file run-v9.txt (compact mmCIF, C-alpha atoms and all ligand atoms)
# COMPACT_ATOMS: atom_id res chain seq x y z
CA MET A 1 -82.34 -17.77 -46.70
CA ASN A 2 -81.71 -21.46 -47.48
CA ILE A 3 -79.06 -22.11 -50.11
CA PRO A 4 -78.31 -25.73 -51.00
CA PHE A 5 -74.77 -26.72 -52.01
CA ALA A 6 -76.04 -27.88 -55.40
CA ASP A 7 -79.35 -27.47 -57.21
CA LEU A 8 -79.71 -29.90 -60.10
CA TYR A 9 -83.50 -29.77 -60.20
CA THR A 10 -83.64 -26.08 -61.13
CA GLN A 11 -81.35 -26.81 -64.05
CA TYR A 12 -83.60 -29.69 -65.14
CA LEU A 13 -86.64 -27.40 -65.11
CA SER A 14 -84.84 -24.93 -67.38
CA ILE A 15 -84.44 -27.60 -70.12
CA LYS A 16 -87.28 -29.93 -69.14
CA ASP A 17 -88.80 -30.38 -72.61
CA ASP A 18 -85.47 -31.31 -74.21
CA ILE A 19 -84.58 -33.77 -71.45
CA ASP A 20 -88.01 -35.37 -71.42
CA THR A 21 -87.97 -35.78 -75.20
CA ALA A 22 -84.44 -37.21 -75.14
CA ILE A 23 -85.36 -39.77 -72.49
CA HIS A 24 -88.60 -40.67 -74.23
CA ASP A 25 -86.83 -41.15 -77.59
CA THR A 26 -84.27 -43.48 -76.01
CA ILE A 27 -87.03 -45.63 -74.58
CA ARG A 28 -89.04 -45.47 -77.81
CA ASN A 29 -85.99 -46.74 -79.73
CA SER A 30 -84.89 -49.19 -77.00
CA ALA A 31 -81.40 -47.74 -77.48
CA TYR A 32 -80.15 -48.53 -74.00
CA ILE A 33 -76.57 -49.58 -74.70
CA GLY A 34 -74.65 -47.89 -77.51
CA GLY A 35 -76.81 -46.55 -80.29
CA SER A 36 -77.05 -43.22 -81.99
CA ALA A 37 -77.24 -41.05 -78.85
CA VAL A 38 -73.82 -42.33 -77.77
CA THR A 39 -72.15 -41.75 -81.14
CA THR A 40 -73.85 -38.36 -81.44
CA PHE A 41 -72.46 -37.39 -78.06
CA GLU A 42 -68.95 -38.64 -78.87
CA THR A 43 -68.90 -36.58 -82.05
CA ALA A 44 -70.36 -33.48 -80.40
CA PHE A 45 -68.02 -33.62 -77.41
CA ALA A 46 -65.00 -34.14 -79.68
CA LYS A 47 -65.99 -31.04 -81.59
CA TRP A 48 -66.56 -29.11 -78.35
CA THR A 49 -63.18 -30.08 -76.84
CA GLY A 50 -61.28 -29.83 -80.11
CA ILE A 51 -59.85 -33.31 -79.43
CA GLN A 52 -60.05 -35.74 -82.38
CA ASN A 53 -61.31 -38.87 -80.64
CA VAL A 54 -63.82 -39.13 -77.82
CA ILE A 55 -64.65 -42.58 -76.44
CA ALA A 56 -67.58 -42.72 -74.03
CA CYS A 57 -67.40 -45.01 -71.01
CA GLY A 58 -69.12 -45.80 -67.75
CA ASN A 59 -67.62 -43.13 -65.48
CA GLY A 60 -64.57 -40.94 -64.91
CA THR A 61 -62.76 -43.43 -62.70
CA ASP A 62 -63.01 -46.12 -65.37
CA SER A 63 -61.72 -43.70 -67.95
CA ILE A 64 -58.46 -43.18 -66.03
CA GLU A 65 -58.04 -46.93 -65.54
CA ILE A 66 -58.73 -47.69 -69.20
CA ILE A 67 -56.22 -45.08 -70.35
CA LEU A 68 -53.56 -46.53 -68.02
CA LYS A 69 -54.32 -50.03 -69.29
CA ALA A 70 -54.15 -48.94 -72.93
CA LEU A 71 -50.74 -47.40 -72.21
CA SER A 72 -49.65 -50.75 -70.67
CA ILE A 73 -49.01 -49.14 -67.30
CA GLY A 74 -49.22 -51.64 -64.46
CA ALA A 75 -47.18 -53.68 -61.98
CA GLY A 76 -43.74 -52.22 -61.30
CA ASP A 77 -44.63 -48.82 -62.74
CA GLU A 78 -45.01 -45.51 -60.93
CA VAL A 79 -47.48 -42.77 -61.77
CA ILE A 80 -47.20 -39.27 -60.33
CA VAL A 81 -50.44 -37.82 -58.93
CA PRO A 82 -51.27 -34.72 -56.86
CA ALA A 83 -51.75 -35.02 -53.09
CA ASN A 84 -55.09 -33.22 -53.26
CA SER A 85 -57.76 -34.72 -55.51
CA TRP A 86 -60.75 -37.02 -55.45
CA ILE A 87 -59.51 -40.56 -54.75
CA SER A 88 -60.23 -41.76 -58.31
CA THR A 89 -57.00 -40.18 -59.51
CA SER A 90 -54.79 -42.41 -57.33
CA GLU A 91 -57.19 -45.33 -56.98
CA ALA A 92 -57.15 -45.90 -60.75
CA VAL A 93 -53.36 -46.18 -60.64
CA SER A 94 -53.45 -48.78 -57.84
CA ASN A 95 -56.28 -50.67 -59.52
CA MET A 96 -54.07 -51.13 -62.58
CA GLY A 97 -51.32 -52.56 -60.35
CA ALA A 98 -49.05 -49.51 -60.54
CA LYS A 99 -47.91 -47.32 -57.66
CA PRO A 100 -49.32 -43.82 -57.17
CA VAL A 101 -46.54 -41.40 -56.23
CA PHE A 102 -48.06 -38.39 -54.51
CA VAL A 103 -46.61 -34.90 -54.80
CA ASP A 104 -47.75 -31.76 -53.05
CA VAL A 105 -49.86 -29.05 -54.69
CA ASN A 106 -49.31 -25.34 -55.33
CA ALA A 107 -50.35 -23.04 -52.51
CA ASP A 108 -52.10 -20.65 -54.90
CA ASP A 109 -54.08 -22.61 -57.49
CA TYR A 110 -54.21 -26.03 -55.70
CA THR A 111 -52.95 -27.96 -58.75
CA ILE A 112 -49.89 -30.24 -58.86
CA ASN A 113 -46.54 -28.60 -58.05
CA VAL A 114 -44.55 -29.31 -61.20
CA ALA A 115 -41.12 -28.77 -59.59
CA LEU A 116 -41.97 -31.43 -57.00
CA ALA A 117 -43.32 -33.69 -59.74
CA ALA A 118 -39.95 -33.38 -61.50
CA ALA A 119 -38.16 -34.32 -58.28
CA ALA A 120 -40.39 -37.40 -57.90
CA VAL A 121 -39.46 -38.91 -61.28
CA THR A 122 -37.57 -42.24 -61.08
CA GLU A 123 -36.68 -44.93 -63.64
CA LYS A 124 -40.03 -46.52 -62.87
CA THR A 125 -42.13 -43.43 -63.61
CA LYS A 126 -44.33 -43.99 -66.64
CA ALA A 127 -46.93 -41.25 -66.40
CA VAL A 128 -48.19 -38.20 -64.60
CA ILE A 129 -51.85 -37.39 -63.96
CA PRO A 130 -52.35 -33.65 -63.55
CA VAL A 131 -55.79 -32.78 -62.16
CA HIS A 132 -57.38 -29.48 -63.18
CA LEU A 133 -58.69 -29.22 -59.64
CA TYR A 134 -61.81 -27.17 -58.86
CA GLY A 135 -61.81 -26.09 -62.53
CA HIS A 136 -58.42 -24.32 -62.54
CA PRO A 137 -56.06 -25.79 -65.12
CA ALA A 138 -52.78 -27.34 -63.98
CA ASP A 139 -49.59 -25.87 -65.49
CA MET A 140 -49.77 -27.94 -68.67
CA PRO A 141 -46.92 -26.23 -70.57
CA ALA A 142 -44.54 -27.09 -67.69
CA ILE A 143 -45.96 -30.59 -67.33
CA MET A 144 -45.57 -31.30 -71.05
CA LYS A 145 -41.95 -30.13 -70.88
CA LEU A 146 -41.30 -32.50 -67.98
CA ALA A 147 -43.08 -35.32 -69.80
CA THR A 148 -40.99 -34.82 -72.93
CA LYS A 149 -37.76 -34.75 -70.92
CA TYR A 150 -38.48 -38.09 -69.22
CA SER A 151 -40.73 -39.69 -71.89
CA LEU A 152 -43.76 -39.82 -69.61
CA ALA A 153 -47.35 -40.23 -70.68
CA VAL A 154 -49.65 -37.44 -69.51
CA ILE A 155 -53.22 -38.25 -68.52
CA GLU A 156 -55.21 -35.09 -67.84
CA ASP A 157 -57.90 -35.57 -65.21
CA CYS A 158 -60.58 -33.19 -66.52
CA ALA A 159 -63.39 -34.35 -64.22
CA GLN A 160 -63.72 -30.85 -62.76
CA SER A 161 -62.58 -28.76 -65.70
CA HIS A 162 -64.92 -29.01 -68.71
CA GLY A 163 -63.98 -26.00 -70.80
CA ALA A 164 -61.00 -24.75 -68.77
CA VAL A 165 -58.41 -23.08 -71.00
CA ILE A 166 -54.64 -22.54 -70.83
CA ASP A 167 -53.07 -20.13 -73.34
CA GLY A 168 -56.04 -20.47 -75.68
CA LYS A 169 -56.06 -24.30 -75.60
CA LYS A 170 -58.67 -26.38 -73.83
CA ALA A 171 -57.64 -28.50 -70.86
CA GLY A 172 -57.58 -32.10 -72.00
CA SER A 173 -55.96 -31.33 -75.35
CA PHE A 174 -52.36 -31.11 -74.07
CA GLY A 175 -51.58 -34.61 -72.83
CA THR A 176 -51.47 -38.15 -74.23
CA ALA A 177 -55.10 -38.59 -73.28
CA ALA A 178 -57.73 -36.93 -71.10
CA SER A 179 -60.30 -38.34 -68.72
CA PHE A 180 -63.70 -36.70 -68.23
CA SER A 181 -66.42 -37.48 -65.72
CA PHE A 182 -70.09 -36.63 -66.22
CA TYR A 183 -71.11 -37.49 -62.67
CA PRO A 184 -74.36 -35.53 -62.04
CA GLY A 185 -72.72 -32.73 -60.04
CA LYS A 186 -69.90 -32.01 -62.52
CA ASN A 187 -70.04 -28.96 -64.79
CA LEU A 188 -71.50 -31.25 -67.46
CA GLY A 189 -73.43 -33.90 -65.59
CA ALA A 190 -75.54 -36.89 -66.65
CA TYR A 191 -78.41 -38.33 -64.58
CA GLY A 192 -76.24 -41.14 -63.29
CA ASP A 193 -72.66 -42.31 -63.80
CA ALA A 194 -71.01 -41.41 -67.10
CA GLY A 195 -67.57 -40.54 -68.42
CA CYS A 196 -65.34 -40.44 -71.47
CA MET A 197 -61.78 -40.52 -72.70
CA ALA A 198 -60.35 -38.14 -75.27
CA THR A 199 -57.17 -38.31 -77.32
CA ASN A 200 -55.65 -37.04 -80.54
CA ASP A 201 -53.80 -40.37 -80.97
CA ASN A 202 -55.93 -42.50 -83.32
CA ALA A 203 -54.23 -45.81 -82.50
CA LEU A 204 -54.63 -45.16 -78.78
CA ALA A 205 -58.29 -44.27 -79.40
CA ASP A 206 -58.94 -47.68 -80.99
CA LYS A 207 -57.31 -49.39 -78.02
CA LEU A 208 -59.38 -47.38 -75.54
CA ARG A 209 -62.56 -48.23 -77.41
CA MET A 210 -61.67 -51.91 -77.43
CA ILE A 211 -60.83 -52.06 -73.73
CA ALA A 212 -64.04 -50.29 -72.75
CA ASN A 213 -66.14 -52.80 -74.69
CA HIS A 214 -64.80 -56.32 -74.04
CA GLY A 215 -61.83 -56.06 -76.36
CA GLN A 216 -63.96 -55.77 -79.50
CA LEU A 217 -64.31 -53.08 -82.13
CA VAL A 218 -66.55 -55.35 -84.20
CA LYS A 219 -69.13 -57.48 -82.41
CA HIS A 220 -67.85 -60.92 -81.32
CA ASN A 221 -64.34 -60.24 -82.58
CA HIS A 222 -62.61 -60.03 -79.18
CA VAL A 223 -59.06 -59.08 -80.10
CA ILE A 224 -58.06 -58.76 -76.44
CA GLU A 225 -59.78 -59.13 -73.09
CA GLY A 226 -61.30 -55.81 -72.12
CA ARG A 227 -63.99 -54.88 -69.67
CA ASN A 228 -67.53 -53.57 -69.60
CA SER A 229 -67.46 -49.79 -69.27
CA ARG A 230 -70.00 -48.26 -71.62
CA LEU A 231 -72.03 -45.10 -71.63
CA ASP A 232 -75.69 -46.06 -71.63
CA GLY A 233 -78.13 -44.56 -74.08
CA LEU A 234 -80.22 -42.69 -71.50
CA GLN A 235 -77.15 -40.92 -70.11
CA ALA A 236 -75.93 -40.08 -73.62
CA ALA A 237 -79.36 -38.65 -74.46
CA VAL A 238 -79.26 -36.45 -71.34
CA LEU A 239 -75.73 -35.28 -72.17
CA ASN A 240 -76.78 -34.46 -75.75
CA ALA A 241 -79.60 -32.30 -74.41
CA LYS A 242 -77.24 -30.53 -71.99
CA LEU A 243 -74.08 -30.03 -74.08
CA PRO A 244 -75.48 -27.10 -76.12
CA HIS A 245 -75.92 -25.22 -72.80
CA LEU A 246 -72.49 -25.95 -71.37
CA ASP A 247 -70.80 -22.78 -72.61
CA SER A 248 -73.50 -20.51 -71.21
CA TRP A 249 -73.57 -22.44 -67.92
CA THR A 250 -69.79 -22.10 -67.69
CA ALA A 251 -70.04 -18.37 -68.35
CA LYS A 252 -72.60 -18.14 -65.54
CA ARG A 253 -70.31 -20.01 -63.14
CA ILE A 254 -67.48 -17.64 -63.98
CA GLU A 255 -69.83 -14.69 -63.43
CA VAL A 256 -70.95 -16.03 -60.04
CA ALA A 257 -67.31 -16.55 -59.04
CA SER A 258 -66.37 -13.04 -60.07
CA LYS A 259 -69.29 -11.62 -58.06
CA PHE A 260 -68.12 -13.60 -55.02
CA SER A 261 -64.56 -12.39 -55.49
CA SER A 262 -65.57 -8.75 -55.75
CA SER A 263 -68.07 -8.79 -52.89
CA ILE A 264 -66.13 -10.83 -50.31
CA LYS A 265 -64.03 -8.22 -48.49
CA ASN A 266 -63.05 -10.21 -45.40
CA THR A 267 -59.24 -10.15 -45.39
CA GLY A 268 -59.18 -13.20 -43.11
CA LEU A 269 -60.36 -15.30 -46.06
CA THR A 270 -58.18 -16.45 -48.95
CA LEU A 271 -60.11 -16.38 -52.24
CA PRO A 272 -59.42 -18.44 -55.40
CA VAL A 273 -56.79 -17.13 -57.82
CA ILE A 274 -56.85 -17.30 -61.60
CA LYS A 275 -53.34 -17.65 -63.06
CA PRO A 276 -52.42 -15.56 -66.12
CA GLY A 277 -53.49 -17.16 -69.39
CA CYS A 278 -55.95 -19.47 -67.62
CA THR A 279 -59.71 -19.77 -67.69
CA HIS A 280 -60.96 -21.20 -64.38
CA VAL A 281 -64.38 -22.83 -64.91
CA PHE A 282 -65.25 -22.88 -61.19
CA HIS A 283 -66.55 -26.38 -60.70
CA LEU A 284 -65.93 -25.32 -57.11
CA TYR A 285 -65.35 -21.94 -55.47
CA VAL A 286 -62.93 -22.79 -52.67
CA ILE A 287 -61.95 -20.31 -49.96
CA ARG A 288 -59.52 -20.79 -47.09
CA THR A 289 -59.42 -19.78 -43.44
CA THR A 290 -57.69 -21.14 -40.35
CA HIS A 291 -61.16 -20.93 -38.69
CA ARG A 292 -62.79 -23.18 -41.27
CA ASN A 293 -64.98 -25.28 -38.98
CA GLU A 294 -66.43 -22.23 -37.21
CA LEU A 295 -67.10 -20.60 -40.56
CA GLN A 296 -68.81 -23.68 -41.93
CA GLN A 297 -70.94 -23.92 -38.77
CA MET A 298 -71.93 -20.24 -38.93
CA LEU A 299 -72.95 -20.57 -42.60
CA LYS A 300 -74.95 -23.71 -41.81
CA GLU A 301 -76.79 -21.94 -38.99
CA ASN A 302 -77.71 -19.27 -41.52
CA GLY A 303 -79.01 -21.77 -44.09
CA VAL A 304 -75.97 -21.96 -46.38
CA ASP A 305 -74.73 -25.46 -47.25
CA THR A 306 -71.01 -25.80 -47.94
CA ALA A 307 -68.67 -28.75 -48.52
CA ILE A 308 -64.99 -29.68 -48.20
CA HIS A 309 -62.98 -30.90 -51.18
CA TYR A 310 -61.32 -32.78 -49.66
CA PRO A 311 -61.24 -33.22 -45.88
CA THR A 312 -58.15 -35.46 -46.01
CA ALA A 313 -55.25 -35.16 -48.45
CA LEU A 314 -55.01 -38.37 -50.50
CA PRO A 315 -51.73 -39.73 -49.06
CA LEU A 316 -53.04 -39.25 -45.51
CA LEU A 317 -56.19 -41.33 -46.10
CA PRO A 318 -56.48 -44.71 -44.31
CA ALA A 319 -56.40 -46.32 -47.77
CA TYR A 320 -52.74 -45.27 -48.08
CA SER A 321 -51.65 -45.90 -44.49
CA SER A 322 -49.32 -48.66 -45.65
CA PHE A 323 -47.14 -45.99 -47.34
CA GLY A 324 -46.56 -44.45 -43.90
CA TYR A 325 -46.85 -40.83 -45.05
CA LYS A 326 -46.82 -37.97 -42.55
CA ALA A 327 -48.44 -34.56 -42.86
CA LYS A 328 -44.97 -32.99 -43.16
CA ASP A 329 -44.39 -34.95 -46.39
CA PHE A 330 -47.15 -32.85 -48.03
CA PRO A 331 -47.12 -29.59 -46.08
CA VAL A 332 -49.41 -27.63 -48.41
CA ALA A 333 -52.10 -30.28 -48.95
CA ALA A 334 -51.96 -31.31 -45.28
CA ALA A 335 -52.41 -27.73 -44.02
CA PHE A 336 -55.13 -26.93 -46.53
CA GLN A 337 -57.29 -29.94 -45.66
CA ASP A 338 -58.23 -28.12 -42.45
CA GLU A 339 -58.65 -24.69 -44.08
CA ILE A 340 -60.52 -25.17 -47.35
CA LEU A 341 -64.25 -24.61 -47.74
CA SER A 342 -66.30 -24.91 -50.93
CA LEU A 343 -69.12 -22.38 -51.28
CA PRO A 344 -72.27 -23.17 -53.27
CA ILE A 345 -71.65 -22.33 -56.93
CA TYR A 346 -73.84 -23.17 -59.92
CA PRO A 347 -75.16 -21.31 -62.96
CA GLU A 348 -78.57 -20.87 -61.31
CA LEU A 349 -77.20 -19.18 -58.14
CA ASN A 350 -78.83 -15.74 -58.18
CA ASP A 351 -77.58 -12.33 -57.02
CA ASP A 352 -79.64 -12.38 -53.83
CA ALA A 353 -78.00 -15.63 -52.81
CA ILE A 354 -74.52 -14.38 -53.72
CA ASP A 355 -75.05 -11.15 -51.74
CA TYR A 356 -76.43 -13.09 -48.79
CA ILE A 357 -73.44 -15.46 -48.68
CA ALA A 358 -70.93 -12.62 -49.16
CA GLY A 359 -72.66 -10.64 -46.39
CA LEU A 360 -72.28 -13.55 -43.97
CA LEU A 361 -68.63 -14.02 -44.92
CA ASN A 362 -67.89 -10.32 -44.46
CA LYS A 363 -69.35 -10.39 -40.95
CA PHE A 364 -67.26 -13.43 -39.93
CA LYS A 365 -64.41 -12.73 -37.49
C1 LIG A 401 -65.38 -36.89 -60.10
C2 LIG A 401 -63.93 -37.10 -60.26
C3 LIG A 401 -63.39 -38.26 -60.83
C4 LIG A 401 -64.17 -39.51 -61.11
O1 LIG A 401 -65.32 -39.44 -61.74
P1 LIG A 401 -66.48 -40.53 -61.57
O2 LIG A 401 -67.27 -40.31 -62.81
O3 LIG A 401 -67.22 -40.20 -60.32
O4 LIG A 401 -65.87 -41.89 -61.54
C5 LIG A 401 -62.03 -38.31 -61.05
N1 LIG A 401 -61.22 -37.30 -60.71
C6 LIG A 401 -61.69 -36.18 -60.14
C7 LIG A 401 -60.73 -35.09 -59.81
C8 LIG A 401 -63.06 -36.04 -59.88
O5 LIG A 401 -63.51 -34.93 -59.29
call {"tool": "encode", "arguments": {"input": "run-v9.txt", "output": "structure tokens", "more": "lines below"}}
Ligand SMILES: *Cc1c(COP(=O)(O)O)cnc(C)c1O
result
Amino acid sequence: MNIPFADLYTQYLSIKDDIDTAIHDTIRNSAYIGGSAVTTFETAFAKWTGIQNVIACGNGTDSIEIILKALSIGAGDEVIVPANSWISTSEAVSNMGAKPVFVDVNADDYTINVALAAAAVTEKTKAVIPVHLYGHPADMPAIMKLATKYSLAVIEDCAQSHGAVIDGKKAGSFGTAASFSFYPGKNLGAYGDAGCMATNDNALADKLRMIANHGQLVKHNHVIEGRNSRLDGLQAAVLNAKLPHLDSWTAKRIEVASKFSSSIKNTGLTLPVIKPGCTHVFHLYVIRTTHRNELQQMLKENGVDTAIHYPTALPLLPAYSSFGYKAKDFPVAAAFQDEILSLPIYPELNDDAIDYIAGLLNKFK
């Protein structure tokens, strides 16, 4: 059986008429930049997240940068980030002129270790960026306590966690502001780059909107210098067609994950955990084994595509070599980079595929 790591075309076919109509309408109206599809999406996504203001932008990386800029975080400032994430989380900090300060992750849920984050706070620390990695929420109650104690801004990186919940509250609604990505492979994905920022702070929302669109809220009234990071009309139209399905797709992901977790019996494999009070939305289903490369090879030989998120912990990447970090500085993230393996997971993954993958995993020694 051949099982791809992702299957976006099957999802398209399931909503083909809506997508085709949405794209056609955008072209018919020549609504390529801004326009009603963008405002419709902002309103609908605000309602869906329960966060007052949603400001669409070009992609998830931009959204982190724009939030940092709006909070006046830059040269001389430090921002605490987890040692395991996609590079956007730390790259955005550097791009704004501030210093990313990496801290190790929890050994169970892979999100930022809050005790280590507390130990990393200095006079220069201005913010912390928890990442709800793989779809499991970071410990937001503890992070908010830390942030209050040291007056830090909290920017939630929700690129992998659309719909994740902690104690009945959606991820993204705890911090100062949240960043979302709608990269095609995310749980809610456009057909190209797309992202947004979300905040309950109305003044901050105005600033974010200005920065994302050349410093103007009203055309030609450039109050500040901003940048060009807008959601285009075609992507907004695609997102509008998809958003009504997000809850059922998320439920399917959770169902697939629970089938994996109940059918994988190999005690040599470490399966994902779900912490009490949390809803894990399984952007990725990540297992661990000290024989990762052999396992990945065996699955590949049997037609199952897998991936590694991520093969190198952020501080150990060449991009950060000037910091001089060693693996022992981030023992958990450094060990896990050689052990983690992401299985295929998407709403369309059927029982035959799940059983086939679990069967292969159970045979692995
Ligand atoms: C995908 C991702 C981003 C960035 O999103 P883009 O839209 O690709 O710029 C940021 N953080 C994390 C954790 C991500 O997975």
call {"tool": "residues_around", "arguments": {"input": "run-v9.txt", "residues": "Ala177 (chain A)", "least_positions_apart": "6", "cutoff": "6 Å", "atoms": "only C-alpha atoms", "output": "list of chain:residue names"}}
result
A:Ile155, A:Ala198, A:Thr199
call {"tool": "closest_residue", "arguments": {"input": "run-v9.txt", "among": "A:Pro311, A:Gly60, A:Gly277, A:Gly185", "to": "ligand LIG 401 (chain A)", "atoms": "only C-alpha atoms and all ligand atoms"}}
result
A:Gly60
call {"tool": "residues_near_ligand", "arguments": {"input": "run-v9.txt", "ligand": "ligand LIG 401 (chain A)", "cutoff": "10 Å", "atoms": "all atoms listed in the file", "output": "mmCIF file with C-alpha atoms, in the coordinates of the input"}}
result
data_model
loop_
_atom_site.group_PDB
_atom_site.id
_atom_site.type_symbol
_atom_site.label_atom_id
_atom_site.label_comp_id
_atom_site.auth_asym_id
_atom_site.auth_seq_id
_atom_site.Cartn_x
_atom_site.Cartn_y
_atom_site.Cartn_z
ATOM 1 C CA CYS A 57 -67.400 -45.010 -71.010
ATOM 2 C CA GLY A 58 -69.120 -45.800 -67.750
ATOM 3 C CA ASN A 59 -67.620 -43.130 -65.480
ATOM 4 C CA GLY A 60 -64.570 -40.940 -64.910
ATOM 5 C CA THR A 61 -62.760 -43.430 -62.700
ATOM 6 C CA ASP A 62 -63.010 -46.120 -65.370
ATOM 7 C CA SER A 63 -61.720 -43.700 -67.950
ATOM 8 C CA ILE A 64 -58.460 -43.180 -66.030
ATOM 9 C CA PRO A 82 -51.270 -34.720 -56.860
ATOM 10 C CA ASN A 84 -55.090 -33.220 -53.260
ATOM 11 C CA SER A 85 -57.760 -34.720 -55.510
ATOM 12 C CA TRP A 86 -60.750 -37.020 -55.450
ATOM 13 C CA ILE A 87 -59.510 -40.560 -54.750
ATOM 14 C CA SER A 88 -60.230 -41.760 -58.310
ATOM 15 C CA THR A 89 -57.000 -40.180 -59.510
ATOM 16 C CA SER A 90 -54.790 -42.410 -57.330
ATOM 17 C CA GLU A 91 -57.190 -45.330 -56.980
ATOM 18 C CA ALA A 92 -57.150 -45.900 -60.750
ATOM 19 C CA ILE A 129 -51.850 -37.390 -63.960
ATOM 20 C CA PRO A 130 -52.350 -33.650 -63.550
ATOM 21 C CA VAL A 131 -55.790 -32.780 -62.160
ATOM 22 C CA HIS A 132 -57.380 -29.480 -63.180
ATOM 23 C CA LEU A 133 -58.690 -29.220 -59.640
ATOM 24 C CA TYR A 134 -61.810 -27.170 -58.860
ATOM 25 C CA GLY A 135 -61.810 -26.090 -62.530
ATOM 26 C CA GLU A 156 -55.210 -35.090 -67.840
ATOM 27 C CA ASP A 157 -57.900 -35.570 -65.210
ATOM 28 C CA CYS A 158 -60.580 -33.190 -66.520
ATOM 29 C CA ALA A 159 -63.390 -34.350 -64.220
ATOM 30 C CA GLN A 160 -63.720 -30.850 -62.760
ATOM 31 C CA SER A 161 -62.580 -28.760 -65.700
ATOM 32 C CA SER A 179 -60.300 -38.340 -68.720
ATOM 33 C CA PHE A 180 -63.700 -36.700 -68.230
ATOM 34 C CA SER A 181 -66.420 -37.480 -65.720
ATOM 35 C CA PHE A 182 -70.090 -36.630 -66.220
ATOM 36 C CA TYR A 183 -71.110 -37.490 -62.670
ATOM 37 C CA PRO A 184 -74.360 -35.530 -62.040
ATOM 38 C CA GLY A 185 -72.720 -32.730 -60.040
ATOM 39 C CA LYS A 186 -69.900 -32.010 -62.520
ATOM 40 C CA GLY A 189 -73.430 -33.900 -65.590
ATOM 41 C CA ALA A 190 -75.540 -36.890 -66.650
ATOM 42 C CA GLY A 192 -76.240 -41.140 -63.290
ATOM 43 C CA ASP A 193 -72.660 -42.310 -63.800
ATOM 44 C CA ALA A 194 -71.010 -41.410 -67.100
ATOM 45 C CA GLY A 195 -67.570 -40.540 -68.420
ATOM 46 C CA CYS A 196 -65.340 -40.440 -71.470
ATOM 47 C CA HIS A 283 -66.550 -26.380 -60.700
ATOM 48 C CA HIS A 309 -62.980 -30.900 -51.180
#
call {"tool": "residues_around", "arguments": {"input": "run-v9.txt", "residues": "region 351-363 of chain A", "least_positions_apart": "5", "cutoff": "8 Å", "atoms": "all atoms listed in the file", "output": "PDB file with C-alpha atoms, in the coordinates of the input"}}
result
ATOM      1  CA  MET A   1     -82.340 -17.770 -46.700  1.00  0.00           C
ATOM      2  CA  ILE A   3     -79.060 -22.110 -50.110  1.00  0.00           C
ATOM      3  CA  VAL A 256     -70.950 -16.030 -60.040  1.00  0.00           C
ATOM      4  CA  LYS A 259     -69.290 -11.620 -58.060  1.00  0.00           C
ATOM      5  CA  PHE A 260     -68.120 -13.600 -55.020  1.00  0.00           C
ATOM      6  CA  SER A 263     -68.070  -8.790 -52.890  1.00  0.00           C
ATOM      7  CA  ILE A 264     -66.130 -10.830 -50.310  1.00  0.00           C
ATOM      8  CA  LYS A 265     -64.030  -8.220 -48.490  1.00  0.00           C
ATOM      9  CA  ASN A 266     -63.050 -10.210 -45.400  1.00  0.00           C
ATOM     10  CA  LEU A 299     -72.950 -20.570 -42.600  1.00  0.00           C
ATOM     11  CA  VAL A 304     -75.970 -21.960 -46.380  1.00  0.00           C
TER      12      VAL A 304
END
call {"tool": "atom_distance", "arguments": {"input": "run-v9.txt", "atom1": "CA of Ala313 (chain A)", "atom2": "CA of Asp7 (chain A)"}}
result
26.8 Å
call {"tool": "atom_distance", "arguments": {"input": "run-v9.txt", "atom1": "CA of Thr10 (chain A)", "atom2": "CA of Ile287 (chain A)"}}
result
25.1 Å
call {"tool": "closest_residue", "arguments": {"input": "run-v9.txt", "among": "A:Gln297, A:Thr125, A:Asn240, A:Thr43", "to": "Ala75 (chain A)", "atoms": "all atoms listed in the file"}}
result
A:Thr125
call {"tool": "closest_residue", "arguments": {"input": "run-v9.txt", "among": "A:Ala6, A:Ile66, A:Leu71, A:Val105", "to": "Ala138 (chain A)", "atoms": "all atoms listed in the file"}}
result
A:Val105
call {"tool": "closest_residue", "arguments": {"input": "run-v9.txt", "among": "A:Leu343, A:Glu225, A:Gln296, A:Leu188", "to": "Asp247 (chain A)", "atoms": "only C-alpha atoms"}}
result
A:Leu188
call {"tool": "decode", "arguments": {"input": "run-v9.txt", "residues": "region 65-71 of chain A", "atoms": "N, CA and C atoms", "output": "mmCIF file, in the first residue's frame"}}
result
data_model
loop_
_atom_site.group_PDB
_atom_site.id
_atom_site.type_symbol
_atom_site.label_atom_id
_atom_site.label_comp_id
_atom_site.auth_asym_id
_atom_site.auth_seq_id
_atom_site.Cartn_x
_atom_site.Cartn_y
_atom_site.Cartn_z
ATOM 1 N N GLU A 65 6.697 38.445 13.032
ATOM 2 C CA GLU A 65 7.524 39.660 12.908
ATOM 3 C C GLU A 65 6.693 40.920 13.153
ATOM 4 N N ILE A 66 5.496 40.952 12.568
ATOM 5 C CA ILE A 66 4.655 42.154 12.682
ATOM 6 C C ILE A 66 4.212 42.362 14.133
ATOM 7 N N ILE A 67 3.911 41.255 14.807
ATOM 8 C CA ILE A 67 3.521 41.374 16.222
ATOM 9 C C ILE A 67 4.701 41.920 17.036
ATOM 10 N N LEU A 68 5.895 41.382 16.805
ATOM 11 C CA LEU A 68 7.085 41.867 17.528
ATOM 12 C C LEU A 68 7.289 43.355 17.270
ATOM 13 N N LYS A 69 7.157 43.744 16.001
ATOM 14 C CA LYS A 69 7.355 45.154 15.630
ATOM 15 C C LYS A 69 6.318 46.037 16.315
ATOM 16 N N ALA A 70 5.071 45.590 16.307
ATOM 17 C CA ALA A 70 4.004 46.385 16.930
ATOM 18 C C ALA A 70 4.239 46.545 18.425
ATOM 19 N N LEU A 71 4.913 45.562 19.030
ATOM 20 C CA LEU A 71 5.207 45.632 20.467
ATOM 21 C C LEU A 71 6.530 46.353 20.719
#
